[in-house]
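Encoded as structure tokens, the structure appears first; notes follow it.
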Amino acid sequence: MRYDKHILWACVAALVTGWVLTNDDGHCSGTVTRHSCNWTCMHLTLQWPGSFCIDINNKTSCKIPQTVQYWTIHGLWPIRTGHCCDCWPIYHSHLEEIEPELTKLWPSFIKGKHFFYFWKEEWIKHGTCAGCVEAMGSPLLYFQAAVKLRKLFDIDNILEKSGIKTSCEVSYKHDDIRGVLTPLLGQNYDLQCVTDSEGREAWIQLKIHLFRNQTLGCPKQEQEQKFDRLPWSNSTGHPCPKNSTIFYVPINYENPHEPCN
């Protein structure tokens with residue numbers, strides 16, 4: 001679809017003030033509608049590669065690169081209602097400055113899907129709403145913010161130092177994991193799991209609650225969000241159970257959809 005250049009830049013400019021020109025299907029037009037700029041909180045969502053392929057729809061489409069050994073970024077997501085702007089384009093050249101870091105910390109695990117197209121989807125779905133905030137007011141700034149936060153919350157180092165290591169034999173109580181993460185994150189996070197073919201509860205995601213100024217915290221009513229349907233999965237992820245143990249499964253590069261079988 002081609003956009004009139006004047007409408008295109010009007011959309012981008014209007015985004016900063018909270019107003020966007022859209023038509024009924026969310027694309028640019030001459031009609032002014034309210035954009036989702038009045039959000040308060042966001043989630044930095046980290047994902048564990050070892051669990052990623054467990055519940056994926058097409059087992060053959062999943063691949064974990066050998067270079068991936070740590071928690072990666074799934075997204076930086078404003079908690080909002082309403083539509084983000086389709087009119088704020090992102091191009092590969094926008095991210096060239098930080099592409100080496102993004103490739104390491106924000107990879108795609110779907111075969112044949114270039115990393116940039118994963119980043120592009122995240123920008124269109126979430127980044128254009130985050131762009132209402134000056135510190136994330138461009139594709140480059142948004143992705144730089146996510147990388148900075150990922151480095152700040154060094155989950156791999158915290159877990160390793162606390163003795164929580166990947167295993168198919170050893171599992172952990174919910175409170176054991178929270179006891180390790182709470183000194184770093186307070187109560188501002190959620191643990192998300194998926195169930196593998198043997199009934200193991202496998203830890204897959206960590207959602208860290210942040211204010212729009214990128215500091216920890218979020219009003220309670222904002223935190224209580226339903227877990228998202230995992231777009232690549234057969235089912236929704238779910239809160240990690242408190243009444244059974246949780247597996248922090250290893251990354252299995254050869255058989256990623258069944259890391260413990």
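Labels used: A, B, ... for chains in the order of the structure tokens, numbers from 1 for residues in each chain, and numbers from 1 for ligands as shown.
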Quick one: DSSP helix (DSSP H, G or I) residues in region 10-234 of chain A, as a JSON list (two decimals) with N, CA, C and O atoms, in the first residue's frame?
```json
[["chain", "number", "residue", "atom", "x", "y", "z"],
["A", 10, "ALA", "N", 2.62, 13.33, 8.68],
["A", 10, "ALA", "CA", 1.64, 13.81, 9.66],
["A", 10, "ALA", "C", 1.38, 12.75, 10.71],
["A", 10, "ALA", "O", 1.23, 13.03, 11.90],
["A", 11, "CYS", "N", 1.32, 11.49, 10.25],
["A", 11, "CYS", "CA", 1.14, 10.39, 11.19],
["A", 11, "CYS", "C", 2.28, 10.33, 12.19],
["A", 11, "CYS", "O", 2.07, 10.18, 13.39],
["A", 12, "VAL", "N", 3.49, 10.43, 11.69],
["A", 12, "VAL", "CA", 4.65, 10.32, 12.57],
["A", 12, "VAL", "C", 4.67, 11.48, 13.55],
["A", 12, "VAL", "O", 4.90, 11.31, 14.75],
["A", 13, "ALA", "N", 4.43, 12.69, 13.06],
["A", 13, "ALA", "CA", 4.44, 13.85, 13.94],
["A", 13, "ALA", "C", 3.33, 13.77, 14.97],
["A", 13, "ALA", "O", 3.51, 14.10, 16.15],
["A", 14, "ALA", "N", 2.15, 13.34, 14.53],
["A", 14, "ALA", "CA", 1.01, 13.26, 15.44],
["A", 14, "ALA", "C", 1.23, 12.23, 16.52],
["A", 14, "ALA", "O", 0.69, 12.35, 17.63],
["A", 15, "LEU", "N", 2.02, 11.21, 16.24],
["A", 15, "LEU", "CA", 2.26, 10.16, 17.21],
["A", 15, "LEU", "C", 2.83, 10.72, 18.50],
["A", 15, "LEU", "O", 2.49, 10.29, 19.60],
["A", 16, "VAL", "N", 3.72, 11.69, 18.39],
["A", 16, "VAL", "CA", 4.39, 12.25, 19.57],
["A", 16, "VAL", "C", 3.37, 12.91, 20.49],
["A", 16, "VAL", "O", 3.50, 12.87, 21.72],
["A", 17, "THR", "N", 2.34, 13.54, 19.93],
["A", 17, "THR", "CA", 1.35, 14.23, 20.75],
["A", 17, "THR", "C", 0.20, 13.32, 21.16],
["A", 17, "THR", "O", -0.67, 13.73, 21.92],
["A", 49, "PRO", "N", 15.91, -19.47, 25.38],
["A", 49, "PRO", "CA", 15.97, -20.25, 24.13],
["A", 49, "PRO", "C", 15.77, -21.74, 24.33],
["A", 49, "PRO", "O", 15.23, -22.42, 23.44],
["A", 50, "GLY", "N", 16.19, -22.29, 25.47],
["A", 50, "GLY", "CA", 16.06, -23.71, 25.69],
["A", 50, "GLY", "C", 14.62, -24.20, 25.67],
["A", 50, "GLY", "O", 14.35, -25.36, 25.32],
["A", 51, "SER", "N", 13.67, -23.34, 26.01],
["A", 51, "SER", "CA", 12.25, -23.72, 26.07],
["A", 51, "SER", "C", 11.47, -23.25, 24.85],
["A", 51, "SER", "O", 10.32, -23.65, 24.67],
["A", 52, "PHE", "N", 12.07, -22.42, 24.03],
["A", 52, "PHE", "CA", 11.33, -21.74, 22.97],
["A", 52, "PHE", "C", 10.62, -22.71, 22.03],
["A", 52, "PHE", "O", 9.47, -22.50, 21.62],
["A", 59, "LYS", "N", 7.50, -28.02, 14.22],
["A", 59, "LYS", "CA", 8.76, -28.39, 14.86],
["A", 59, "LYS", "C", 9.96, -28.15, 13.94],
["A", 59, "LYS", "O", 11.04, -27.81, 14.40],
["A", 60, "THR", "N", 9.78, -28.35, 12.64],
["A", 60, "THR", "CA", 10.91, -28.25, 11.73],
["A", 60, "THR", "C", 11.30, -26.80, 11.45],
["A", 60, "THR", "O", 12.35, -26.55, 10.85],
["A", 61, "SER", "N", 10.47, -25.85, 11.86],
["A", 61, "SER", "CA", 10.77, -24.45, 11.57],
["A", 61, "SER", "C", 11.60, -23.78, 12.66],
["A", 61, "SER", "O", 11.98, -22.63, 12.53],
["A", 92, "HIS", "N", 16.05, -1.39, 7.50],
["A", 92, "HIS", "CA", 17.24, -2.08, 8.00],
["A", 92, "HIS", "C", 18.33, -1.07, 8.36],
["A", 92, "HIS", "O", 19.04, -1.23, 9.37],
["A", 93, "SER", "N", 18.46, -0.05, 7.57],
["A", 93, "SER", "CA", 19.53, 0.94, 7.81],
["A", 93, "SER", "C", 19.37, 1.66, 9.15],
["A", 93, "SER", "O", 20.36, 2.13, 9.71],
["A", 94, "HIS", "N", 18.14, 1.70, 9.68],
["A", 94, "HIS", "CA", 17.92, 2.36, 10.96],
["A", 94, "HIS", "C", 18.65, 1.65, 12.10],
["A", 94, "HIS", "O", 18.96, 2.26, 13.13],
["A", 95, "LEU", "N", 18.89, 0.35, 11.93],
["A", 95, "LEU", "CA", 19.42, -0.45, 13.03],
["A", 95, "LEU", "C", 20.85, -0.92, 12.80],
["A", 95, "LEU", "O", 21.38, -1.67, 13.61],
["A", 96, "GLU", "N", 21.47, -0.48, 11.71],
["A", 96, "GLU", "CA", 22.81, -0.95, 11.40],
["A", 96, "GLU", "C", 23.81, -0.66, 12.53],
["A", 96, "GLU", "O", 24.70, -1.46, 12.81],
["A", 97, "GLU", "N", 23.61, 0.46, 13.20],
["A", 97, "GLU", "CA", 24.53, 0.86, 14.27],
["A", 97, "GLU", "C", 24.58, -0.15, 15.41],
["A", 97, "GLU", "O", 25.62, -0.36, 16.03],
["A", 98, "ILE", "N", 23.45, -0.78, 15.69],
["A", 98, "ILE", "CA", 23.40, -1.71, 16.82],
["A", 98, "ILE", "C", 23.08, -3.14, 16.38],
["A", 98, "ILE", "O", 22.77, -3.99, 17.21],
["A", 99, "GLU", "N", 23.16, -3.41, 15.09],
["A", 99, "GLU", "CA", 22.80, -4.74, 14.60],
["A", 99, "GLU", "C", 23.62, -5.86, 15.24],
["A", 99, "GLU", "O", 23.05, -6.92, 15.56],
["A", 100, "PRO", "N", 24.94, -5.70, 15.46],
["A", 100, "PRO", "CA", 25.67, -6.79, 16.12],
["A", 100, "PRO", "C", 25.10, -7.14, 17.50],
["A", 100, "PRO", "O", 24.99, -8.32, 17.86],
["A", 101, "GLU", "N", 24.71, -6.11, 18.28],
["A", 101, "GLU", "CA", 24.13, -6.37, 19.60],
["A", 101, "GLU", "C", 22.75, -7.00, 19.49],
["A", 101, "GLU", "O", 22.40, -7.91, 20.25],
["A", 102, "LEU", "N", 21.95, -6.52, 18.54],
["A", 102, "LEU", "CA", 20.61, -7.08, 18.36],
["A", 102, "LEU", "C", 20.69, -8.54, 17.91],
["A", 102, "LEU", "O", 19.90, -9.37, 18.35],
["A", 103, "THR", "N", 21.63, -8.83, 17.04],
["A", 103, "THR", "CA", 21.80, -10.21, 16.56],
["A", 103, "THR", "C", 22.11, -11.15, 17.72],
["A", 103, "THR", "O", 21.65, -12.29, 17.76],
["A", 104, "LYS", "N", 22.86, -10.67, 18.68],
["A", 104, "LYS", "CA", 23.23, -11.47, 19.84],
["A", 104, "LYS", "C", 22.11, -11.55, 20.87],
["A", 104, "LYS", "O", 21.83, -12.63, 21.41],
["A", 105, "LEU", "N", 21.46, -10.42, 21.14],
["A", 105, "LEU", "CA", 20.51, -10.34, 22.25],
["A", 105, "LEU", "C", 19.05, -10.44, 21.83],
["A", 105, "LEU", "O", 18.18, -10.67, 22.68],
["A", 115, "PHE", "N", 16.45, -11.88, 10.88],
["A", 115, "PHE", "CA", 16.30, -11.20, 12.16],
["A", 115, "PHE", "C", 15.59, -9.86, 12.02],
["A", 115, "PHE", "O", 14.77, -9.49, 12.86],
["A", 116, "PHE", "N", 15.90, -9.13, 10.94],
["A", 116, "PHE", "CA", 15.30, -7.80, 10.78],
["A", 116, "PHE", "C", 13.78, -7.87, 10.73],
["A", 116, "PHE", "O", 13.10, -6.98, 11.25],
["A", 117, "TYR", "N", 13.23, -8.92, 10.13],
["A", 117, "TYR", "CA", 11.77, -9.00, 10.01],
["A", 117, "TYR", "C", 11.12, -9.26, 11.38],
["A", 117, "TYR", "O", 9.99, -8.83, 11.62],
["A", 118, "PHE", "N", 11.83, -9.93, 12.26],
["A", 118, "PHE", "CA", 11.37, -10.07, 13.64],
["A", 118, "PHE", "C", 11.38, -8.71, 14.33],
["A", 118, "PHE", "O", 10.41, -8.30, 14.97],
["A", 119, "TRP", "N", 12.48, -7.98, 14.17],
["A", 119, "TRP", "CA", 12.57, -6.66, 14.78],
["A", 119, "TRP", "C", 11.52, -5.71, 14.20],
["A", 119, "TRP", "O", 10.91, -4.92, 14.93],
["A", 120, "LYS", "N", 11.30, -5.83, 12.90],
["A", 120, "LYS", "CA", 10.29, -4.98, 12.26],
["A", 120, "LYS", "C", 8.91, -5.24, 12.84],
["A", 120, "LYS", "O", 8.16, -4.29, 13.12],
["A", 121, "GLU", "N", 8.55, -6.51, 13.02],
["A", 121, "GLU", "CA", 7.25, -6.84, 13.62],
["A", 121, "GLU", "C", 7.12, -6.26, 15.02],
["A", 121, "GLU", "O", 6.06, -5.75, 15.39],
["A", 122, "GLU", "N", 8.19, -6.35, 15.80],
["A", 122, "GLU", "CA", 8.15, -5.82, 17.16],
["A", 122, "GLU", "C", 8.01, -4.30, 17.15],
["A", 122, "GLU", "O", 7.31, -3.73, 17.98],
["A", 123, "TRP", "N", 8.67, -3.65, 16.21],
["A", 123, "TRP", "CA", 8.56, -2.19, 16.12],
["A", 123, "TRP", "C", 7.13, -1.78, 15.75],
["A", 123, "TRP", "O", 6.55, -0.90, 16.38],
["A", 124, "ILE", "N", 6.57, -2.41, 14.75],
["A", 124, "ILE", "CA", 5.23, -2.03, 14.30],
["A", 124, "ILE", "C", 4.19, -2.30, 15.38],
["A", 124, "ILE", "O", 3.31, -1.47, 15.64],
["A", 125, "LYS", "N", 4.31, -3.46, 16.05],
["A", 125, "LYS", "CA", 3.30, -3.85, 17.03],
["A", 125, "LYS", "C", 3.46, -3.11, 18.36],
["A", 125, "LYS", "O", 2.47, -2.77, 19.00],
["A", 126, "HIS", "N", 4.69, -2.86, 18.76],
["A", 126, "HIS", "CA", 4.93, -2.30, 20.10],
["A", 126, "HIS", "C", 5.76, -1.01, 20.08],
["A", 126, "HIS", "O", 5.48, -0.09, 20.85],
["A", 127, "GLY", "N", 6.76, -0.96, 19.22],
["A", 127, "GLY", "CA", 7.68, 0.17, 19.25],
["A", 127, "GLY", "C", 7.03, 1.48, 18.89],
["A", 127, "GLY", "O", 7.40, 2.53, 19.42],
["A", 128, "THR", "N", 6.07, 1.44, 17.98],
["A", 128, "THR", "CA", 5.44, 2.69, 17.57],
["A", 128, "THR", "C", 4.63, 3.31, 18.70],
["A", 128, "THR", "O", 4.44, 4.52, 18.72],
["A", 129, "CYS", "N", 4.16, 2.50, 19.64],
["A", 129, "CYS", "CA", 3.52, 3.05, 20.83],
["A", 129, "CYS", "C", 4.57, 3.54, 21.83],
["A", 129, "CYS", "O", 4.41, 4.58, 22.46],
["A", 130, "ALA", "N", 5.65, 2.79, 21.97],
["A", 130, "ALA", "CA", 6.74, 3.23, 22.84],
["A", 130, "ALA", "C", 7.33, 4.54, 22.34],
["A", 130, "ALA", "O", 7.83, 5.35, 23.13],
["A", 134, "GLU", "N", 9.97, 10.24, 24.53],
["A", 134, "GLU", "CA", 11.11, 10.82, 23.83],
["A", 134, "GLU", "C", 12.32, 9.89, 23.81],
["A", 134, "GLU", "O", 13.02, 9.77, 22.80],
["A", 135, "ALA", "N", 12.56, 9.19, 24.93],
["A", 135, "ALA", "CA", 13.73, 8.33, 25.04],
["A", 135, "ALA", "C", 13.66, 7.11, 24.12],
["A", 135, "ALA", "O", 14.65, 6.42, 23.92],
["A", 136, "MET", "N", 12.47, 6.84, 23.57],
["A", 136, "MET", "CA", 12.28, 5.74, 22.63],
["A", 136, "MET", "C", 11.66, 6.24, 21.34],
["A", 136, "MET", "O", 11.00, 5.49, 20.62],
["A", 139, "PRO", "N", 13.03, 4.29, 15.82],
["A", 139, "PRO", "CA", 13.40, 2.87, 15.84],
["A", 139, "PRO", "C", 14.73, 2.61, 16.54],
["A", 139, "PRO", "O", 14.84, 1.70, 17.36],
["A", 140, "LEU", "N", 15.74, 3.41, 16.25],
["A", 140, "LEU", "CA", 17.04, 3.20, 16.87],
["A", 140, "LEU", "C", 16.96, 3.38, 18.38],
["A", 140, "LEU", "O", 17.48, 2.55, 19.14],
["A", 141, "LEU", "N", 16.31, 4.43, 18.84],
["A", 141, "LEU", "CA", 16.22, 4.68, 20.28],
["A", 141, "LEU", "C", 15.44, 3.57, 20.99],
["A", 141, "LEU", "O", 15.80, 3.17, 22.11],
["A", 142, "TYR", "N", 14.39, 3.09, 20.37],
["A", 142, "TYR", "CA", 13.59, 2.02, 20.97],
["A", 142, "TYR", "C", 14.42, 0.76, 21.16],
["A", 142, "TYR", "O", 14.43, 0.16, 22.24],
["A", 143, "PHE", "N", 15.12, 0.34, 20.13],
["A", 143, "PHE", "CA", 15.91, -0.89, 20.23],
["A", 143, "PHE", "C", 17.13, -0.69, 21.13],
["A", 143, "PHE", "O", 17.54, -1.62, 21.83],
["A", 144, "GLN", "N", 17.70, 0.50, 21.13],
["A", 144, "GLN", "CA", 18.79, 0.79, 22.07],
["A", 144, "GLN", "C", 18.30, 0.68, 23.51],
["A", 144, "GLN", "O", 19.02, 0.17, 24.38],
["A", 145, "ALA", "N", 17.09, 1.15, 23.77],
["A", 145, "ALA", "CA", 16.53, 1.08, 25.12],
["A", 145, "ALA", "C", 16.36, -0.37, 25.56],
["A", 145, "ALA", "O", 16.68, -0.73, 26.70],
["A", 146, "ALA", "N", 15.86, -1.21, 24.66],
["A", 146, "ALA", "CA", 15.67, -2.62, 24.99],
["A", 146, "ALA", "C", 17.00, -3.31, 25.28],
["A", 146, "ALA", "O", 17.12, -4.08, 26.24],
["A", 147, "VAL", "N", 18.01, -3.03, 24.48],
["A", 147, "VAL", "CA", 19.33, -3.63, 24.69],
["A", 147, "VAL", "C", 19.92, -3.16, 26.02],
["A", 147, "VAL", "O", 20.51, -3.96, 26.78],
["A", 148, "LYS", "N", 19.79, -1.89, 26.31],
["A", 148, "LYS", "CA", 20.30, -1.34, 27.57],
["A", 148, "LYS", "C", 19.64, -2.02, 28.76],
["A", 148, "LYS", "O", 20.31, -2.38, 29.74],
["A", 149, "LEU", "N", 18.34, -2.20, 28.70],
["A", 149, "LEU", "CA", 17.61, -2.84, 29.79],
["A", 149, "LEU", "C", 18.01, -4.31, 29.93],
["A", 149, "LEU", "O", 18.15, -4.82, 31.05],
["A", 150, "ARG", "N", 18.19, -4.98, 28.80],
["A", 150, "ARG", "CA", 18.62, -6.39, 28.86],
["A", 150, "ARG", "C", 19.97, -6.52, 29.55],
["A", 150, "ARG", "O", 20.20, -7.45, 30.34],
["A", 151, "LYS", "N", 20.87, -5.61, 29.28],
["A", 151, "LYS", "CA", 22.18, -5.64, 29.93],
["A", 151, "LYS", "C", 22.09, -5.27, 31.40],
["A", 151, "LYS", "O", 22.83, -5.80, 32.23],
["A", 152, "LEU", "N", 21.18, -4.36, 31.72],
["A", 152, "LEU", "CA", 21.00, -3.96, 33.12],
["A", 152, "LEU", "C", 20.49, -5.13, 33.95],
["A", 152, "LEU", "O", 20.98, -5.37, 35.07],
["A", 155, "ILE", "N", 20.17, -11.43, 33.89],
["A", 155, "ILE", "CA", 19.51, -12.59, 34.48],
["A", 155, "ILE", "C", 20.44, -13.81, 34.50],
["A", 155, "ILE", "O", 20.49, -14.56, 35.47],
["A", 156, "ASP", "N", 21.17, -14.01, 33.43],
["A", 156, "ASP", "CA", 22.06, -15.18, 33.35],
["A", 156, "ASP", "C", 23.06, -15.19, 34.50],
["A", 156, "ASP", "O", 23.27, -16.22, 35.15],
["A", 157, "ASN", "N", 23.66, -14.06, 34.76],
["A", 157, "ASN", "CA", 24.67, -13.96, 35.81],
["A", 157, "ASN", "C", 24.06, -14.18, 37.19],
["A", 157, "ASN", "O", 24.62, -14.89, 38.04],
["A", 158, "ILE", "N", 22.88, -13.60, 37.41],
["A", 158, "ILE", "CA", 22.20, -13.75, 38.70],
["A", 158, "ILE", "C", 21.85, -15.21, 38.98],
["A", 158, "ILE", "O", 22.08, -15.74, 40.06],
["A", 159, "LEU", "N", 21.32, -15.89, 37.98],
["A", 159, "LEU", "CA", 20.93, -17.29, 38.15],
["A", 159, "LEU", "C", 22.16, -18.17, 38.39],
["A", 159, "LEU", "O", 22.16, -19.03, 39.27],
["A", 160, "GLU", "N", 23.19, -17.95, 37.61],
["A", 160, "GLU", "CA", 24.39, -18.78, 37.74],
["A", 160, "GLU", "C", 25.03, -18.62, 39.11],
["A", 160, "GLU", "O", 25.41, -19.62, 39.75],
["A", 161, "LYS", "N", 25.15, -17.39, 39.57],
["A", 161, "LYS", "CA", 25.76, -17.15, 40.88],
["A", 161, "LYS", "C", 24.94, -17.74, 42.01],
["A", 161, "LYS", "O", 25.48, -18.05, 43.08],
["A", 174, "HIS", "N", 9.04, -22.72, 42.82],
["A", 174, "HIS", "CA", 8.70, -21.37, 42.39],
["A", 174, "HIS", "C", 9.36, -20.34, 43.31],
["A", 174, "HIS", "O", 9.97, -19.36, 42.84],
["A", 175, "ASP", "N", 9.30, -20.57, 44.61],
["A", 175, "ASP", "CA", 9.86, -19.63, 45.58],
["A", 175, "ASP", "C", 11.37, -19.57, 45.50],
["A", 175, "ASP", "O", 11.97, -18.54, 45.84],
["A", 176, "ASP", "N", 12.01, -20.66, 45.09],
["A", 176, "ASP", "CA", 13.47, -20.65, 44.95],
["A", 176, "ASP", "C", 13.90, -19.67, 43.86],
["A", 176, "ASP", "O", 14.87, -18.91, 44.03],
["A", 177, "ILE", "N", 13.19, -19.71, 42.74],
["A", 177, "ILE", "CA", 13.53, -18.81, 41.63],
["A", 177, "ILE", "C", 13.22, -17.37, 42.01],
["A", 177, "ILE", "O", 14.03, -16.46, 41.78],
["A", 178, "ARG", "N", 12.07, -17.16, 42.62],
["A", 178, "ARG", "CA", 11.71, -15.80, 43.02],
["A", 178, "ARG", "C", 12.68, -15.27, 44.06],
["A", 178, "ARG", "O", 12.99, -14.06, 44.08],
["A", 179, "GLY", "N", 13.16, -16.15, 44.92],
["A", 179, "GLY", "CA", 14.11, -15.71, 45.93],
["A", 179, "GLY", "C", 15.40, -15.18, 45.34],
["A", 179, "GLY", "O", 16.07, -14.32, 45.92],
["A", 180, "VAL", "N", 15.74, -15.68, 44.16],
["A", 180, "VAL", "CA", 16.94, -15.22, 43.46],
["A", 180, "VAL", "C", 16.68, -13.92, 42.70],
["A", 180, "VAL", "O", 17.51, -13.01, 42.67],
["A", 181, "LEU", "N", 15.51, -13.81, 42.08],
["A", 181, "LEU", "CA", 15.21, -12.67, 41.22],
["A", 181, "LEU", "C", 14.74, -11.44, 41.98],
["A", 181, "LEU", "O", 14.97, -10.30, 41.55],
["A", 182, "THR", "N", 14.08, -11.64, 43.11],
["A", 182, "THR", "CA", 13.47, -10.52, 43.84],
["A", 182, "THR", "C", 14.47, -9.47, 44.30],
["A", 182, "THR", "O", 14.17, -8.26, 44.23],
["A", 183, "PRO", "N", 15.68, -9.83, 44.77],
["A", 183, "PRO", "CA", 16.63, -8.77, 45.14],
["A", 183, "PRO", "C", 16.98, -7.84, 43.98],
["A", 183, "PRO", "O", 17.30, -6.67, 44.20],
["A", 184, "LEU", "N", 16.92, -8.34, 42.76],
["A", 184, "LEU", "CA", 17.20, -7.50, 41.59],
["A", 184, "LEU", "C", 15.96, -6.78, 41.09],
["A", 184, "LEU", "O", 16.04, -5.60, 40.71],
["A", 185, "LEU", "N", 14.81, -7.46, 41.11],
["A", 185, "LEU", "CA", 13.62, -6.94, 40.44],
["A", 185, "LEU", "C", 12.49, -6.54, 41.39],
["A", 185, "LEU", "O", 11.46, -6.04, 40.92],
["A", 220, "LYS", "N", -0.46, -1.84, 40.44],
["A", 220, "LYS", "CA", -0.92, -3.22, 40.54],
["A", 220, "LYS", "C", -1.94, -3.56, 39.48],
["A", 220, "LYS", "O", -1.89, -4.62, 38.86],
["A", 221, "GLN", "N", -2.86, -2.65, 39.22],
["A", 221, "GLN", "CA", -3.90, -2.96, 38.24],
["A", 221, "GLN", "C", -3.32, -3.09, 36.84],
["A", 221, "GLN", "O", -3.87, -3.79, 35.99],
["A", 222, "GLU", "N", -2.18, -2.44, 36.59],
["A", 222, "GLU", "CA", -1.54, -2.58, 35.29],
["A", 222, "GLU", "C", -0.80, -3.90, 35.18],
["A", 222, "GLU", "O", -0.68, -4.49, 34.12],
["A", 223, "GLN", "N", -0.25, -4.37, 36.32],
["A", 223, "GLN", "CA", 0.53, -5.60, 36.29],
["A", 223, "GLN", "C", -0.33, -6.82, 35.99],
["A", 223, "GLN", "O", 0.13, -7.78, 35.39]]
```
Practice item. Write down as a ChimeraX atom specification the residues belonging to region 57-109 of chain A that are assigned strand (DSSP E) by DSSP computed on the backbone. Key: /A:72-78
Convert the current residue selection to file output with N, CA, C and O atoms, as an mmCIF file, in the first residue's frame.
```cif
data_model
loop_
_atom_site.group_PDB
_atom_site.id
_atom_site.type_symbol
_atom_site.label_atom_id
_atom_site.label_comp_id
_atom_site.auth_asym_id
_atom_site.auth_seq_id
_atom_site.Cartn_x
_atom_site.Cartn_y
_atom_site.Cartn_z
ATOM 1 N N THR A 72 17.391 -14.146 25.842
ATOM 2 C CA THR A 72 17.288 -13.175 24.759
ATOM 3 C C THR A 72 16.034 -12.322 24.947
ATOM 4 O O THR A 72 15.167 -12.609 25.771
ATOM 5 N N ILE A 73 15.959 -11.275 24.172
ATOM 6 C CA ILE A 73 14.820 -10.354 24.241
ATOM 7 C C ILE A 73 13.693 -10.875 23.356
ATOM 8 O O ILE A 73 13.921 -11.251 22.205
ATOM 9 N N HIS A 74 12.484 -10.926 23.911
ATOM 10 C CA HIS A 74 11.306 -11.160 23.082
ATOM 11 C C HIS A 74 10.712 -9.824 22.658
ATOM 12 O O HIS A 74 10.305 -9.649 21.515
ATOM 13 N N GLY A 75 10.660 -8.878 23.581
ATOM 14 C CA GLY A 75 10.146 -7.572 23.202
ATOM 15 C C GLY A 75 10.114 -6.601 24.362
ATOM 16 O O GLY A 75 10.286 -6.967 25.528
ATOM 17 N N LEU A 76 9.914 -5.345 24.022
ATOM 18 C CA LEU A 76 9.687 -4.268 24.985
ATOM 19 C C LEU A 76 8.305 -3.721 24.663
ATOM 20 O O LEU A 76 8.119 -3.051 23.651
ATOM 21 N N TRP A 77 7.330 -4.023 25.529
ATOM 22 C CA TRP A 77 5.921 -3.882 25.172
ATOM 23 C C TRP A 77 5.175 -2.908 26.081
ATOM 24 O O TRP A 77 4.935 -3.215 27.256
ATOM 25 N N PRO A 78 4.790 -1.749 25.564
ATOM 26 C CA PRO A 78 3.881 -0.899 26.329
ATOM 27 C C PRO A 78 2.569 -1.633 26.598
ATOM 28 O O PRO A 78 2.057 -2.348 25.728
#
```
Point to revise | Interatomic distance, CA of Thr195 (chain A) to CA of His238 (chain A) (Å, one decimal) | key: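 A separation of 9.1 Å between them.
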Practice item. Pick out the residues sitting within 12 Å of Pro241 (chain A), and hand them over as an MDAnalysis selection string; count only C-alpha atoms, and ignore anything fewer than 2 positions along from it in its own chain. Key: chainID A and resid 172:175 177 190:195 200:203 237:239 243:247
Practice item. Please identify all polymer residues within 9 Å of Gln214 (chain A), counting only C-alpha atoms, omitting same-chain residues fewer than 3 positions from it, and present them as a list of chain:residue names. Key: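 Listing them by chain and then by number gives A:Cys41, A:Met42, A:Ala145, A:Leu149, A:Leu210, A:Phe211, A:Gly217.
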Keeping only N, CA and C atoms, write the selected residues to a file as a PDB file, in the first residue's frame.
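Contents of out21.pdb, as written:
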```
ATOM      1  N   CYS A  41       2.745   1.823  31.793  1.00  0.00           N
ATOM      2  CA  CYS A  41       3.715   0.768  32.079  1.00  0.00           C
ATOM      3  C   CYS A  41       4.050  -0.022  30.825  1.00  0.00           C
ATOM      4  N   MET A  42       5.141  -0.746  30.919  1.00  0.00           N
ATOM      5  CA  MET A  42       5.530  -1.631  29.827  1.00  0.00           C
ATOM      6  C   MET A  42       6.214  -2.866  30.396  1.00  0.00           C
ATOM      7  N   ALA A 145      17.088   1.154  23.771  1.00  0.00           N
ATOM      8  CA  ALA A 145      16.528   1.077  25.123  1.00  0.00           C
ATOM      9  C   ALA A 145      16.357  -0.367  25.560  1.00  0.00           C
ATOM     10  N   LEU A 149      18.336  -2.199  28.698  1.00  0.00           N
ATOM     11  CA  LEU A 149      17.611  -2.844  29.794  1.00  0.00           C
ATOM     12  C   LEU A 149      18.011  -4.306  29.928  1.00  0.00           C
ATOM     13  N   LEU A 210       7.913  -2.356  34.060  1.00  0.00           N
ATOM     14  CA  LEU A 210       8.612  -1.080  34.055  1.00  0.00           C
ATOM     15  C   LEU A 210       7.629   0.065  33.855  1.00  0.00           C
ATOM     16  N   PHE A 211       7.960   1.216  34.441  1.00  0.00           N
ATOM     17  CA  PHE A 211       7.268   2.444  34.088  1.00  0.00           C
ATOM     18  C   PHE A 211       7.773   2.915  32.726  1.00  0.00           C
ATOM     19  N   GLY A 217       8.813  -1.016  38.259  1.00  0.00           N
ATOM     20  CA  GLY A 217       7.574  -0.702  38.950  1.00  0.00           C
ATOM     21  C   GLY A 217       6.417  -0.569  37.995  1.00  0.00           C
TER      22      GLY A 217
END
```
